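Accompanying notes for the structure given below.
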Protein chains: 4
Amino acid sequence: MLPDVQAASDVRGIPLDEVGIEGLRYPILISSGQGDKRETVATADMSVSLDAGVKGAHLSRFIEVLHSWREQLGSESAVGIADDLRHRMGSGRARVHLAFPYFLERLAPVTGARAFVEYNCAVTAVSERAGSSLALQVVVPVTSVCPCSKAISDRGAHNQRGRITIDAHPTENPTDLWFDELIDIAESAGSSPVYALLKRPDERHVTMAGYDKPVFVEDMVRNVAQSLRDSNHVEAYRVRAVNDESIHNHAAFAELAWTSAAGRI
Amino acid sequence: MLPDVQAASDVRGIPLDEVGIEGLRYPILISSGQGDKRETVATADMSVSLDAGVKGAHLSRFIEVLHSWREQLGSESAVGIADDLRHRMGSGRARVHLAFPYFLERLAPVTGARAFVEYNCAVTAVSERAGSSLALQVVVPVTSVCPCSKAISDRGAHNQRGRITIDAHPTENPTDLWFDELIDIAESAGSSPVYALLKRPDERHVTMAGYDKPVFVEDMVRNVAQSLRDSNHVEAYRVRAVNDESIHNHAAFAELAWTSAAGRI
Amino acid sequence: MLPDVQAASDVRGIPLDEVGIEGLRYPILISSGQGDKRETVATADMSVSLDAGVKGAHLSRFIEVLHSWREQLGSESAVGIADDLRHRMGSGRARVHLAFPYFLERLAPVTGARAFVEYNCAVTAVSERAGSSLALQVVVPVTSVCPCSKAISDRGAHNQRGRITIDAHPTENPTDLWFDELIDIAESAGSSPVYALLKRPDERHVTMAGYDKPVFVEDMVRNVAQSLRDSNHVEAYRVRAVNDESIHNHAAFAELAWTSAAGRI
Amino acid sequence: MLPDVQAASDVRGIPLDEVGIEGLRYPILISSGQGDKRETVATADMSVSLDAGVKGAHLSRFIEVLHSWREQLGSESAVGIADDLRHRMGSGRARVHLAFPYFLERLAPVTGARAFVEYNCAVTAVSERAGSSLALQVVVPVTSVCPCSKAISDRGAHNQRGRITIDAHPTENPTDLWFDELIDIAESAGSSPVYALLKRPDERHVTMAGYDKPVFVEDMVRNVAQSLRDSNHVEAYRVRAVNDESIHNHAAFAELAWTSAAGRI
């Protein structure tokens with residue numbers, strides 16, 4: 001019988017907020033808002049709280065739990081995994097974070113040419129005795145044209161790729177909120193969405209549409225905030241817009257966190 | 001006269017938590033706990049809060065403020081920079097974060113051979129009307145030998161490079177706390193410090209010393225927690241230990257946040 | 001009719017080796033050596049050579065070519081994509097590079113517990129008028145125990161996660177060589193493979209097996225070299241072993257390139 | 001007396017191209033083309049070739065060599081370090097690669113406001129019995145405005161941050177070539193340089209100057225190629241331009257390598 005070192009007692013009297021694994025890469029299935037299930041690759045972080053009197057957590061069980069869900073692993077099952085992990089480990093709190101690339105087929109705005117656009121998404125599920133919670137994250141690339149550069153110049157305006165990150169806590173019925181809604185909100189907040197495939201008529205359209213709708217990072221955050229407050233699917237959020245400025249070698253950013261009276265983040 | 005677009009009014013009624021720049025690389029001077037001043041390279045993030053009625057922040061002023069401090073730029077001056085930035089921008093809150101490599105000359109444990117070890121450090125200064133605060137961060141590489149692997153095996157024990165991250169809010173007199181103290185606390189919490197230069201007698205020493213002091217990530221966090229509670233220089237902290245497991249392709253981690261009755265993090 | 005700027009003539013008289021796109025993320029299907037087809041996510045780089053007299057390449061066609069192969073996109077089709085791209089662009093040379101995570105279900109060595117291990121793999125296909133070529137790359141995590149540390153110490157030995165990268169040009173019949181063979185060769189060259197899931201009897205086994213087979217980075221490269229020369233599937237290769245040293249904050253590495261009389265790399 | 005495992009003989013008969021260390025972070029001094037010496041932080045890779053009959057290289061000597069040069073460590077001394085390393089290790093070939101951020105104080109184009117711009121630079125020195133060689137690398141951020149987007153649109157044009165990488169082998173007298181010359185060549189090849197600090201009159205200037213000089217990645221590479229061929233300081237080079245396209249989520253790139261009749265790369 002091999003000794004069980006983790007199960008030994010600890011006399012320092014210090015409970016730990018989190019013990020777990022991070023950076024585990026694993027294949028998962030994800031439902032797209034376009035109706036199909038798609039396999040993608042997640043980076044998984046999983047943890048449990050640890051009581052003061054116990055020396056360590058049995059981390060191999062994390063992989064066993066994750067693997068046991070492998071036929072239905074995904075953002076929908078994240079709360080189930082967290083609940084399972086908490087019970088299996090006998091802990092007060094378990095946390096599962098799955099980050100993965102999520103693809104949507106997009107049509108070019110004039111020619112309708114089709115290609116996939118990647119959005120970096122994540123789900124975080126927390127299981128506690130008192131209940132469980134879920135949060136969604138999307139990172140959405142956009143184009144932004146600078147309002148100041150346009151206003152002060154006789155011609156042209158600097159623009160660049162930006163990205164909008166939304167962390168959202170759904171209201172009571174979490175299945176009402178999906179990545180696609182958050183992605184659409186973010187894409188609408190910039191000067192223009194970005195595309196994988198644009199033919200010349202599309203490039204003309206995107207260039208002029210962006211020039212006609214210049215936005216600062218401040219504007220993008222406020223645009224997202226307005227959309228999220230109009231949605232009744234979100235009770236708390238954090239939004240951050242970052243521009244990889246084309247005239248600088250650093251980025252500009254703006255950020256806002258908001259919680260409804262009943263919410264938390 | 002060029003139009004001032006940022007100064008325009010905004011009618012959406014949404015104040016922003018932060019507007020600023022991120023990822024600006026800049027040369028800075030940093031005092032080492034070994035007595036000298038050393039030039040290093042910072043990655044700077046700077047932000048201010050923005051009132052609901054204003055369209056944007058004038059980000060070029062961030063660089064002007066930073067550059068005006070260039071002869072004395074460093075962790076000691078971070079609060080001054082944040083105060084300066086808040087006044088210059090007319091904002092309620094300003095935040096300055098400088099992350100940089102910090103080098104200490106270390107002696108090999110047996111031969112005394114000298115070489116530099118890099119520690120990733122950072123300072124965060126926040127300036128508000130009610131006062132200012134400072135936080136220090138160190139990321140310290142360590143060796144850790146697995147207690148379980150040692151206990152269940154007839155010979156050997158898996159070990160790996162780990163890193164301990166400490167975020168610390170100093171007590172009232174911030175100059176009492178310096179990176180060196182936090183680095184020493186982290187290095188003492190692992191199985192052994194890591195070194196840039198070890199000759200064979202040193203490698204023998206480090207191998208056996210580590211084997212004789214196996215620690216889990218849980219132990220490393222608890223060891224740091226004990227040391228920080230014994231220090232009267234810290235009123236709040238967060239500590240995280242991560243092991244790049246040598247027998248896995250993922251990492252193990254543990255984390256703990258703590259705040260004194262009077263503290264905040 | 002929109003002007004076609006790329007098709008304009010260029011008078012500088014400078015042909016370009018490569019013009020293309022990089023960092024495009026796209027879903028692809030990949031055959032595993034374990035028999036099934038699996039969807040994964042590729043990072044695609046694609047390029048063509050450009051004649052001196054032409055101003056630019058029509059990069060949107062790269063995405064069209066890639067998307068047109070989407071039902072059969074993968075390493076087997078890489079040469080077909082490169083040929084297609086070269087013809088479509090009217091270029092002398094086309095290059096397609098697809099890098100992606102590749103998962104194999106692995107059994108723990110004693111308990112047989114199952115979990116997926118990730119290997120970073122890539123294919124590079126080059127299409128020229130004279131013919132086409134294919135190269136495979138695998139990046140394989142391993143454990144390595146230091147022979148010096150073991151020899152000079154009374155107990156223990158430092159060990160760490162390493163990774164072995166093999167770039168291999170198959171002999172005439174490229175379908176004889178697959179990632180699985182290269183992964184097996186790399187895993188055999190270290191002190192032990194790494195696993196996603198190890199129970200205590202497995203951890204005991206891996207600890208002692210590694211301790212009984214210490215290797216330097218030099219040994220790992222030479223072990224791979226011996227295996228590849230024994231294989232008649234490879235006519236040229238480059239192998240690099242890197243150890244994230246557990247007693248240092250830097251890595252150790254060794255590298256070797258080899259080409260058969262008839263080969264090229 | 002501790003055993004010397006590295007010095008043992010190896011019977012596999014496989015010489016290695018390179019054995020060494022990578023990713024060592026070290027403070028270095030660098031001469032700027034603006035006249036002063038400046039401390040910065042290098043990431044060092046160092047290697048030697050290894051004969052077939054020897055089991056391993058003594059890697060601790062790499063750090064000793066590096067540290068012994070610490071008062072004069074920099075790109076000028078890179079060949080000296082490589083020579084020293086080769087002799088110390090008794091090897092046929094030694095290679096030293098130092099990569100570091102290099103800062104130049106730049107003036108905004110209209111207001112003359114001053115701030116530092118970072119350029120990622122590197123030196124590679126190779127020492128062989130037959131002689132030594134040196135190569136310089138610069139990575140230079142630029143703005144690029146798309147000629148196609150401008151030509152096909154009634155207003156505006158998409159633009160983005162790009163970066164131009166030049167690897168250059170100096171002609172006989174290496175001290176004739178310095179980073180500043182290569183940086184100037186790269187900055188002249190884009191639509192506009194980027195700046196850390198631009199006031200509104202500067203932003204107006206940069207916006208319109210860029211709009212008036214649109215360039216593809218193909219143009220940037222050809223512009224650099226023309227400048228380098230006019231310089232008599234370079235006998236071989238590789239140049240690569242990459243645009244982080246503002247309307248896409250991937251990058252566009254072009255690349256060219258060139259060697260004079262007498263040169264090599």
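In the structure tokens, the first chain shown is A, the next is B, and so on; residue numbers restart at 1 for each chain, and ligands run from 1 in the order shown.
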Exercise for the section: Excluding Ala168 (chain B) and residues on its chain fewer than 2 positions from it, collect all residues at most 10 Å away from it, counting only C-alpha atoms, and give them as JSON, numbers by chain. Expected result: {"B": [123, 134, 135, 136, 137, 138, 165, 166, 170, 171, 177, 179, 182, 228, 233, 234, 235, 236, 237, 238, 239, 257, 258, 259, 265]}
Would you output that residue set with C-alpha atoms, as an mmCIF file, in the first residue's frame?
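Result saved to selection_36.cif:
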```cif
data_model
loop_
_atom_site.group_PDB
_atom_site.id
_atom_site.type_symbol
_atom_site.label_atom_id
_atom_site.label_comp_id
_atom_site.auth_asym_id
_atom_site.auth_seq_id
_atom_site.Cartn_x
_atom_site.Cartn_y
_atom_site.Cartn_z
ATOM 1 C CA VAL B 123 4.794 48.109 -8.845
ATOM 2 C CA LEU B 134 1.205 51.079 -3.611
ATOM 3 C CA ALA B 135 1.491 47.355 -4.263
ATOM 4 C CA LEU B 136 4.576 45.296 -5.089
ATOM 5 C CA GLN B 137 4.734 42.103 -7.079
ATOM 6 C CA VAL B 138 7.536 39.558 -7.386
ATOM 7 C CA THR B 165 4.084 35.106 -7.293
ATOM 8 C CA ILE B 166 3.539 37.434 -4.347
ATOM 9 C CA PRO B 170 2.783 47.385 2.342
ATOM 10 C CA THR B 171 1.704 48.697 5.722
ATOM 11 C CA LEU B 177 9.057 46.808 2.134
ATOM 12 C CA PHE B 179 11.434 43.437 -3.521
ATOM 13 C CA LEU B 182 9.619 39.266 -0.819
ATOM 14 C CA LEU B 228 4.307 37.243 5.472
ATOM 15 C CA HIS B 233 5.585 45.144 6.526
ATOM 16 C CA VAL B 234 2.555 43.707 4.736
ATOM 17 C CA GLU B 235 -1.114 44.375 5.407
ATOM 18 C CA ALA B 236 -2.570 42.352 2.531
ATOM 19 C CA TYR B 237 -1.219 39.856 0.051
ATOM 20 C CA ARG B 238 -1.990 37.308 -2.583
ATOM 21 C CA VAL B 239 0.386 34.379 -3.157
ATOM 22 C CA ALA B 257 -5.339 35.869 -0.640
ATOM 23 C CA TRP B 258 -5.243 37.473 2.791
ATOM 24 C CA THR B 259 -6.111 40.866 4.187
ATOM 25 C CA ILE B 265 -6.290 44.048 -1.713
#
```
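Residue-level contact on chain B: within 6 Å of chain C, counting only C-alpha atoms, the set is Thr143, Ile152, Ser153, Gly156, Ala157, His158, Asn159, Gln160, Arg161, Val194, Tyr195, Ala196, Arg204, Thr207, Tyr211, Ser246, Ile247 and His248 of chain B.
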The residue from B:Val139, B:Ile21, B:Leu50, B:Ile28 with the smallest atom-to-atom distance to Gln6 (chain B), counting only C-alpha atoms, is B:Leu50
Need to verify the contact set: Ser127 (chain A), 9 Å, only C-alpha atoms, exclusion of same-chain residues closer than 4 positions in sequence. Can you return it as a list of chain:residue names?
A:Val79, A:Gly80, A:Ile81, A:Ala82, A:Asp83, A:Asp84, A:Leu85, A:Arg86, A:Gly92, A:Arg93, A:Ala94, A:Arg95, A:Val96, A:Gly131, A:Ser132, A:Ser133, A:Leu134
DSSP on the backbone, strand (DSSP E or B) only: what residues of region 69-255 of chain D does that give? Format it as a tab-separated table (two decimals) with N, CA, C and O atoms, in the first residue's frame.
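Okay, this is what ended up in selection-v2.tsv:
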```tsv
chain	number	residue	atom	x	y	z
D	93	ARG	N	33.30	25.29	-32.89
D	93	ARG	CA	32.41	26.38	-33.26
D	93	ARG	C	31.64	26.84	-32.03
D	93	ARG	O	31.19	26.01	-31.23
D	94	ALA	N	31.53	28.14	-31.87
D	94	ALA	CA	30.71	28.69	-30.78
D	94	ALA	C	29.80	29.76	-31.35
D	94	ALA	O	30.15	30.46	-32.30
D	95	ARG	N	28.63	29.88	-30.75
D	95	ARG	CA	27.64	30.84	-31.23
D	95	ARG	C	27.05	31.57	-30.03
D	95	ARG	O	26.70	30.94	-29.02
D	96	VAL	N	26.96	32.90	-30.14
D	96	VAL	CA	26.37	33.71	-29.08
D	96	VAL	C	25.30	34.58	-29.70
D	96	VAL	O	25.56	35.29	-30.69
D	97	HIS	N	24.11	34.54	-29.15
D	97	HIS	CA	23.00	35.34	-29.65
D	97	HIS	C	22.44	36.14	-28.49
D	97	HIS	O	22.02	35.58	-27.48
D	98	LEU	N	22.47	37.47	-28.61
D	98	LEU	CA	21.93	38.35	-27.57
D	98	LEU	C	20.81	39.20	-28.18
D	98	LEU	O	21.05	39.95	-29.11
D	99	ALA	N	19.62	39.05	-27.65
D	99	ALA	CA	18.46	39.84	-28.11
D	99	ALA	C	18.06	40.79	-26.99
D	99	ALA	O	18.04	40.39	-25.82
D	100	PHE	N	17.73	42.04	-27.33
D	100	PHE	CA	17.48	43.03	-26.28
D	100	PHE	C	16.65	44.19	-26.84
D	100	PHE	O	16.70	44.48	-28.03
D	101	PRO	N	15.93	44.86	-25.97
D	101	PRO	CA	15.26	46.10	-26.39
D	101	PRO	C	16.28	47.24	-26.46
D	101	PRO	O	17.15	47.36	-25.59
D	102	TYR	N	16.16	48.04	-27.49
D	102	TYR	CA	17.09	49.15	-27.77
D	102	TYR	C	16.23	50.39	-27.94
D	102	TYR	O	15.26	50.37	-28.69
D	103	PHE	N	16.55	51.44	-27.21
D	103	PHE	CA	15.69	52.63	-27.21
D	103	PHE	C	16.37	53.81	-27.89
D	103	PHE	O	17.56	54.05	-27.68
D	104	LEU	N	15.62	54.52	-28.68
D	104	LEU	CA	16.10	55.78	-29.25
D	104	LEU	C	15.11	56.88	-28.88
D	104	LEU	O	13.89	56.68	-28.95
D	105	GLU	N	15.65	58.02	-28.51
D	105	GLU	CA	14.78	59.17	-28.23
D	105	GLU	C	14.38	59.76	-29.58
D	105	GLU	O	15.22	60.06	-30.42
D	106	ARG	N	13.08	59.87	-29.79
D	106	ARG	CA	12.56	60.36	-31.07
D	106	ARG	C	11.80	61.67	-30.85
D	106	ARG	O	11.14	61.84	-29.81
D	107	LEU	N	11.83	62.53	-31.85
D	107	LEU	CA	11.10	63.79	-31.81
D	107	LEU	C	9.83	63.68	-32.65
D	107	LEU	O	9.88	63.22	-33.80
D	114	ARG	N	9.49	64.99	-27.22
D	114	ARG	CA	10.45	63.90	-27.14
D	114	ARG	C	9.93	62.71	-26.34
D	114	ARG	O	9.32	62.89	-25.29
D	115	ALA	N	10.26	61.51	-26.82
D	115	ALA	CA	9.96	60.30	-26.06
D	115	ALA	C	10.79	59.16	-26.65
D	115	ALA	O	11.35	59.28	-27.75
D	116	PHE	N	10.88	58.07	-25.91
D	116	PHE	CA	11.65	56.92	-26.37
D	116	PHE	C	10.80	55.98	-27.20
D	116	PHE	O	9.64	55.75	-26.88
D	117	VAL	N	11.40	55.44	-28.25
D	117	VAL	CA	10.76	54.37	-29.02
D	117	VAL	C	11.62	53.12	-28.87
D	117	VAL	O	12.85	53.20	-28.90
D	118	GLU	N	10.96	51.98	-28.66
D	118	GLU	CA	11.68	50.71	-28.48
D	118	GLU	C	11.82	49.97	-29.80
D	118	GLU	O	10.85	49.84	-30.55
D	119	TYR	N	13.00	49.46	-30.04
D	119	TYR	CA	13.26	48.58	-31.18
D	119	TYR	C	13.84	47.28	-30.63
D	119	TYR	O	14.80	47.32	-29.85
D	120	ASN	N	13.30	46.16	-31.03
D	120	ASN	CA	13.87	44.89	-30.60
D	120	ASN	C	15.05	44.54	-31.50
D	120	ASN	O	14.90	44.40	-32.71
D	121	CYS	N	16.22	44.44	-30.89
D	121	CYS	CA	17.45	44.20	-31.65
D	121	CYS	C	18.14	42.94	-31.17
D	121	CYS	O	17.84	42.42	-30.10
D	122	ALA	N	19.07	42.46	-31.98
D	122	ALA	CA	19.84	41.28	-31.59
D	122	ALA	C	21.16	41.26	-32.35
D	122	ALA	O	21.27	41.81	-33.45
D	123	VAL	N	22.16	40.64	-31.72
D	123	VAL	CA	23.42	40.33	-32.40
D	123	VAL	C	23.66	38.84	-32.31
D	123	VAL	O	23.35	38.21	-31.30
D	124	THR	N	24.22	38.30	-33.36
D	124	THR	CA	24.63	36.90	-33.37
D	124	THR	C	26.08	36.85	-33.79
D	124	THR	O	26.44	37.32	-34.87
D	125	ALA	N	26.92	36.28	-32.93
D	125	ALA	CA	28.34	36.13	-33.26
D	125	ALA	C	28.65	34.66	-33.35
D	125	ALA	O	28.23	33.87	-32.50
D	126	VAL	N	29.39	34.28	-34.40
D	126	VAL	CA	29.82	32.89	-34.57
D	126	VAL	C	31.33	32.88	-34.64
D	126	VAL	O	31.94	33.65	-35.39
D	127	SER	N	31.94	32.03	-33.83
D	127	SER	CA	33.39	31.89	-33.84
D	127	SER	C	33.76	30.50	-34.32
D	127	SER	O	33.27	29.50	-33.78
D	128	GLU	N	34.59	30.45	-35.34
D	128	GLU	CA	35.08	29.17	-35.85
D	128	GLU	C	36.60	29.26	-36.00
D	128	GLU	O	37.16	30.36	-36.00
D	131	GLY	N	37.67	31.67	-38.55
D	131	GLY	CA	37.35	33.09	-38.39
D	131	GLY	C	36.02	33.29	-37.71
D	131	GLY	O	35.36	32.32	-37.33
D	132	SER	N	35.63	34.53	-37.55
D	132	SER	CA	34.37	34.81	-36.85
D	132	SER	C	33.48	35.68	-37.72
D	132	SER	O	33.94	36.31	-38.67
D	133	SER	N	32.21	35.68	-37.39
D	133	SER	CA	31.28	36.52	-38.14
D	133	SER	C	30.24	37.11	-37.20
D	133	SER	O	30.04	36.62	-36.08
D	134	LEU	N	29.59	38.15	-37.66
D	134	LEU	CA	28.63	38.87	-36.85
D	134	LEU	C	27.41	39.16	-37.71
D	134	LEU	O	27.53	39.44	-38.90
D	135	ALA	N	26.23	39.09	-37.10
D	135	ALA	CA	25.02	39.51	-37.80
D	135	ALA	C	24.20	40.38	-36.85
D	135	ALA	O	24.21	40.16	-35.63
D	136	LEU	N	23.54	41.38	-37.40
D	136	LEU	CA	22.68	42.26	-36.62
D	136	LEU	C	21.24	42.03	-37.02
D	136	LEU	O	20.95	41.75	-38.19
D	137	GLN	N	20.35	42.17	-36.05
D	137	GLN	CA	18.92	42.11	-36.36
D	137	GLN	C	18.21	43.31	-35.73
D	137	GLN	O	18.48	43.65	-34.58
D	138	VAL	N	17.29	43.90	-36.49
D	138	VAL	CA	16.39	44.92	-35.92
D	138	VAL	C	14.96	44.54	-36.27
D	138	VAL	O	14.69	44.00	-37.34
D	139	VAL	N	14.05	44.80	-35.33
D	139	VAL	CA	12.62	44.65	-35.58
D	139	VAL	C	12.01	46.04	-35.35
D	139	VAL	O	12.06	46.56	-34.24
D	140	VAL	N	11.47	46.61	-36.41
D	140	VAL	CA	11.10	48.03	-36.40
D	140	VAL	C	9.59	48.18	-36.66
D	140	VAL	O	9.10	47.77	-37.71
D	141	PRO	N	8.87	48.78	-35.70
D	141	PRO	CA	7.44	49.02	-35.93
D	141	PRO	C	7.24	50.17	-36.92
D	141	PRO	O	7.96	51.16	-36.86
D	142	VAL	N	6.27	50.02	-37.80
D	142	VAL	CA	5.93	51.09	-38.75
D	142	VAL	C	4.41	51.14	-38.91
D	142	VAL	O	3.70	50.24	-38.51
D	143	THR	N	3.93	52.24	-39.49
D	143	THR	CA	2.54	52.32	-39.93
D	143	THR	C	2.49	52.01	-41.41
D	143	THR	O	3.36	52.48	-42.15
D	144	SER	N	1.49	51.25	-41.85
D	144	SER	CA	1.34	51.08	-43.30
D	144	SER	C	-0.11	51.30	-43.70
D	144	SER	O	-1.03	50.78	-43.06
D	145	VAL	N	-0.30	52.08	-44.74
D	145	VAL	CA	-1.62	52.35	-45.30
D	145	VAL	C	-1.76	51.52	-46.57
D	145	VAL	O	-0.84	51.45	-47.39
D	159	ASN	N	-5.44	51.01	-42.50
D	159	ASN	CA	-4.01	51.02	-42.18
D	159	ASN	C	-3.81	50.29	-40.87
D	159	ASN	O	-4.78	49.94	-40.19
D	160	GLN	N	-2.57	50.02	-40.50
D	160	GLN	CA	-2.30	49.19	-39.34
D	160	GLN	C	-0.85	49.32	-38.93
D	160	GLN	O	-0.05	49.89	-39.64
D	161	ARG	N	-0.56	48.77	-37.75
D	161	ARG	CA	0.82	48.68	-37.34
D	161	ARG	C	1.45	47.49	-38.06
D	161	ARG	O	0.87	46.42	-38.14
D	162	GLY	N	2.63	47.70	-38.59
D	162	GLY	CA	3.40	46.61	-39.16
D	162	GLY	C	4.74	46.55	-38.47
D	162	GLY	O	5.03	47.35	-37.58
D	163	ARG	N	5.53	45.55	-38.83
D	163	ARG	CA	6.90	45.52	-38.31
D	163	ARG	C	7.81	44.96	-39.39
D	163	ARG	O	7.43	44.02	-40.11
D	164	ILE	N	8.97	45.57	-39.50
D	164	ILE	CA	9.95	45.15	-40.50
D	164	ILE	C	11.14	44.57	-39.76
D	164	ILE	O	11.71	45.22	-38.88
D	165	THR	N	11.49	43.34	-40.10
D	165	THR	CA	12.64	42.69	-39.49
D	165	THR	C	13.76	42.62	-40.52
D	165	THR	O	13.55	42.12	-41.63
D	166	ILE	N	14.92	43.14	-40.16
D	166	ILE	CA	16.10	43.05	-41.03
D	166	ILE	C	17.18	42.26	-40.31
D	166	ILE	O	17.55	42.60	-39.19
D	167	ASP	N	17.67	41.21	-40.96
D	167	ASP	CA	18.87	40.50	-40.51
D	167	ASP	C	19.97	40.86	-41.48
D	167	ASP	O	19.82	40.63	-42.70
D	168	ALA	N	21.06	41.42	-40.98
D	168	ALA	CA	22.10	41.91	-41.89
D	168	ALA	C	23.48	41.41	-41.48
D	168	ALA	O	23.83	41.45	-40.30
D	169	HIS	N	24.23	40.92	-42.48
D	169	HIS	CA	25.63	40.56	-42.27
D	169	HIS	C	26.48	41.71	-42.77
D	169	HIS	O	26.44	42.03	-43.96
D	170	PRO	N	27.23	42.34	-41.89
D	170	PRO	CA	28.04	43.49	-42.32
D	170	PRO	C	29.16	43.04	-43.28
D	170	PRO	O	29.59	41.88	-43.26
D	192	SER	N	4.76	55.48	-42.63
D	192	SER	CA	5.23	56.44	-41.64
D	192	SER	C	5.89	55.67	-40.51
D	192	SER	O	5.53	54.53	-40.24
D	193	PRO	N	6.88	56.29	-39.82
D	193	PRO	CA	7.35	55.68	-38.57
D	193	PRO	C	6.22	55.70	-37.53
D	193	PRO	O	5.24	56.44	-37.69
D	234	VAL	N	26.58	46.24	-46.03
D	234	VAL	CA	25.89	44.96	-45.85
D	234	VAL	C	26.23	44.03	-47.00
D	234	VAL	O	26.11	44.41	-48.17
D	235	GLU	N	26.66	42.80	-46.69
D	235	GLU	CA	26.96	41.88	-47.78
D	235	GLU	C	25.91	40.79	-47.94
D	235	GLU	O	25.92	40.06	-48.93
D	236	ALA	N	25.02	40.68	-46.97
D	236	ALA	CA	23.92	39.72	-47.08
D	236	ALA	C	22.82	40.17	-46.12
D	236	ALA	O	23.10	40.75	-45.08
D	237	TYR	N	21.58	39.90	-46.49
D	237	TYR	CA	20.49	40.30	-45.60
D	237	TYR	C	19.27	39.44	-45.85
D	237	TYR	O	19.14	38.78	-46.88
D	238	ARG	N	18.38	39.46	-44.86
D	238	ARG	CA	17.04	38.93	-45.01
D	238	ARG	C	16.11	39.99	-44.46
D	238	ARG	O	16.35	40.56	-43.40
D	239	VAL	N	15.05	40.30	-45.20
D	239	VAL	CA	14.10	41.30	-44.72
D	239	VAL	C	12.69	40.72	-44.80
D	239	VAL	O	12.34	40.02	-45.76
D	240	ARG	N	11.91	40.97	-43.76
D	240	ARG	CA	10.54	40.47	-43.67
D	240	ARG	C	9.65	41.59	-43.15
D	240	ARG	O	9.99	42.23	-42.15
D	241	ALA	N	8.57	41.84	-43.85
D	241	ALA	CA	7.60	42.84	-43.40
D	241	ALA	C	6.30	42.13	-43.07
D	241	ALA	O	5.84	41.27	-43.83
D	242	VAL	N	5.71	42.48	-41.94
D	242	VAL	CA	4.46	41.85	-41.48
D	242	VAL	C	3.48	42.96	-41.11
D	242	VAL	O	3.83	43.88	-40.38
D	243	ASN	N	2.27	42.86	-41.59
D	243	ASN	CA	1.20	43.82	-41.25
D	243	ASN	C	0.12	43.13	-40.42
D	243	ASN	O	-0.44	42.13	-40.87
D	251	ALA	N	-2.31	38.21	-40.30
D	251	ALA	CA	-1.31	39.16	-40.78
D	251	ALA	C	-0.97	38.87	-42.23
D	251	ALA	O	-1.13	37.76	-42.73
D	252	ALA	N	-0.49	39.93	-42.93
D	252	ALA	CA	0.06	39.78	-44.27
D	252	ALA	C	1.58	39.92	-44.15
D	252	ALA	O	2.06	40.69	-43.32
D	253	PHE	N	2.32	39.18	-44.97
D	253	PHE	CA	3.78	39.31	-44.86
D	253	PHE	C	4.44	39.14	-46.23
D	253	PHE	O	3.85	38.58	-47.17
D	254	ALA	N	5.67	39.66	-46.33
D	254	ALA	CA	6.51	39.43	-47.51
D	254	ALA	C	7.94	39.26	-47.01
D	254	ALA	O	8.30	39.78	-45.95
D	255	GLU	N	8.72	38.50	-47.76
D	255	GLU	CA	10.09	38.22	-47.31
D	255	GLU	C	11.03	38.06	-48.48
D	255	GLU	O	10.65	37.59	-49.55
```
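Of the residues in region 135-203 of chain C, those that DSSP places in alpha helix (DSSP H) on the basis of the backbone are Pro147, Cys148, Ser149, Lys150, Ala151, Ile152, Phe179, Asp180, Glu181, Leu182, Ile183, Asp184, Ile185, Ala186, Glu187, Ser188, Ala189, Arg200, Pro201, Asp202 and Glu203 of chain C.
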How many Å lie between CA of Asp180 (chain A) and CA of Ser231 (chain A), rounded to one decimal?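 About the pair CA of Asp180 (chain A) and CA of Ser231 (chain A): they are 13.3 Å apart.
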Checklist entry - So how many Å separate CA of Gly20 (chain C) and CA of Val5 (chain C), to one decimal? => result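 Distance reported for this atom pair: 16.2 Å.
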**Study point:** Polymer residues at most 10 Å from Ser9 (chain D), only C-alpha atoms, same-chain spacing of 4 or more positions, as a list in words
**Key:**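 Here the answer would be Val5, Gly13, Asp51, Ala52, Gly53, Val54, Lys55 and Gly56 of chain D.
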Worksheet entry | Pairwise distance for CA of Ser49 (chain B) and CA of His87 (chain B), rounded to one decimal in Å |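 Interatomic distance, CA of Ser49 (chain B) to CA of His87 (chain B): 11.8 Å.
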